[in-house]
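S.K.: Quick one: structure below, then a few questions.
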Amino acid sequence: MKNITLVFLTILVSISGFAQIGNVEEINGDMSKGKNRGFKVLIPEVTEKEAIKSWGKLMKSYDSKTSKVKKNDDYLSENALIPSISENEVDVFSLFNETPEGVYMNVFFDLGGAYLNSDMHPEITKSAKDMIKTFATKIAREAVEAKLKEEEKKLDKLNKEQKNLENNKKSYERDIKDAEETIQKRTKEIEQNIKDQGTKKGEIKNQEEEVEKVKARVKKY
């Protein structure tokens, strides 16, 4: 019970602290098209599978289908229409790496001829970082809220079990009280029974004497 409560409180603290997701870093990283300028963020609380699935959903909202690049680790979202990034279609490459801290996600925006970077596209870079951080914050929050829901269910189950234990205790106490009352009642009945047996034995003895008297009278005839 105490452990579940501690987990519950920890999750609440985690949810309240999501403004603390690290800044999106600009990188010069390896991907299927070589080494290119891109962006990196750590997404806590999620698994790699969850991050990939959620990123695919986001790219779908930009009219792009996400698929794994053959013989490579990255994913490609082709011809994405992202107004905050470009008026034209953009190819978005993404890489995911799960660690004990969470999932590191690298994102590369191919603008056609150049990859998005702060040297060439300072304003658009800010929009890209905002988009990535918003995404990271959203899925991290959703993951923790899902964990919170799961822990709340466990807590509800434990509370119900505790209530059942309390009700059982009350039932046992009633049984004990009833048993004690029965014992007291039977003890008095036993005492009375012993007295009644003594009286009955006296009656039997008297009756046996009467029987013997009548037998003696029968023998006279």
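Going by the structure tokens order, chains are called A, B, ..., each with residues numbered from 1, while ligands are numbered from 1 in the order shown.
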Out of range 2-218 of chain A, which residues get strand (DSSP E) from DSSP, as a PyMOL selection string?

M.R.: chain A and resi 25-31+34-43+66-68+75-80+90-99+102-110

S.K.: Let's have the selection written as a short mmCIF file (atom, residue, chain, number, x, y, z; two decimals), in the first residue's frame, with C-alpha atoms.

M.R.:
```
data_model
loop_
_atom_site.label_atom_id
_atom_site.label_comp_id
_atom_site.auth_asym_id
_atom_site.auth_seq_id
_atom_site.Cartn_x
_atom_site.Cartn_y
_atom_site.Cartn_z
CA GLU A 25 19.82 20.74 -29.38
CA GLU A 26 21.08 21.45 -32.86
CA ILE A 27 23.43 18.70 -34.04
CA ASN A 28 25.54 17.59 -36.95
CA GLY A 29 24.60 13.93 -36.89
CA ASP A 30 24.82 10.70 -38.83
CA MET A 31 21.77 9.45 -40.72
CA GLY A 34 25.41 10.88 -44.38
CA LYS A 35 26.26 13.50 -41.76
CA ASN A 36 23.82 16.40 -41.75
CA ARG A 37 22.49 19.21 -39.63
CA GLY A 38 19.55 18.26 -37.46
CA PHE A 39 18.01 18.43 -34.00
CA LYS A 40 18.13 16.24 -30.91
CA VAL A 41 15.84 15.94 -27.89
CA LEU A 42 15.50 13.54 -24.97
CA ILE A 43 11.96 12.28 -24.40
CA THR A 66 6.48 7.48 -42.15
CA SER A 67 8.45 4.34 -43.03
CA LYS A 68 11.81 2.86 -42.10
CA TYR A 75 12.73 6.68 -40.56
CA LEU A 76 11.61 8.85 -43.46
CA SER A 77 8.47 10.97 -43.61
CA GLU A 78 8.30 12.00 -47.26
CA ASN A 79 6.75 15.15 -48.67
CA ALA A 80 5.50 16.48 -45.35
CA VAL A 90 9.78 18.58 -46.75
CA ASP A 91 11.40 15.18 -46.27
CA VAL A 92 11.79 14.53 -42.55
CA PHE A 93 14.25 11.94 -41.29
CA SER A 94 14.11 10.71 -37.70
CA LEU A 95 16.25 8.47 -35.53
CA PHE A 96 15.30 6.97 -32.17
CA ASN A 97 17.56 5.56 -29.47
CA GLU A 98 16.13 4.16 -26.23
CA THR A 99 18.23 4.59 -23.07
CA GLY A 102 14.35 7.90 -22.07
CA VAL A 103 14.35 8.03 -25.86
CA TYR A 104 16.76 10.28 -27.73
CA MET A 105 15.20 11.48 -30.97
CA ASN A 106 17.19 13.05 -33.80
CA VAL A 107 15.26 14.88 -36.52
CA PHE A 108 16.56 16.12 -39.87
CA PHE A 109 14.54 18.37 -42.17
CA ASP A 110 15.55 18.09 -45.84
#
```

S.K.: Set out as CSV a contact list for range 124-212 of chain A and range 45-60 of chain A with a cut-off of 7 Å, giving each residue of range 124-212 of chain A that qualifies its closest atom pair and distance in Å to one decimal, counting only C-alpha atoms, ordered by chain and rising residue number.

M.R.:
```
residue,atom,partner,partner_atom,distance
A:Ala140,CA,A:Glu45,CA,5.7
A:Ala143,CA,A:Val46,CA,6.0
A:Val144,CA,A:Glu45,CA,6.5
```

S.K.: Have a look at A:Glu150, A:Asp196, A:Glu123, A:Glu210 and name the one nearest to Ser86 in chain A; count only C-alpha atoms.

M.R.: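 Nearest to Ser86 in chain A: A:Glu123.
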
S.K.: DSSP says helix (DSSP H, G or I) for which residues of range 102-197 of chain A? Put them as a PyMOL selection string?

M.R.: chain A and resi 122-197
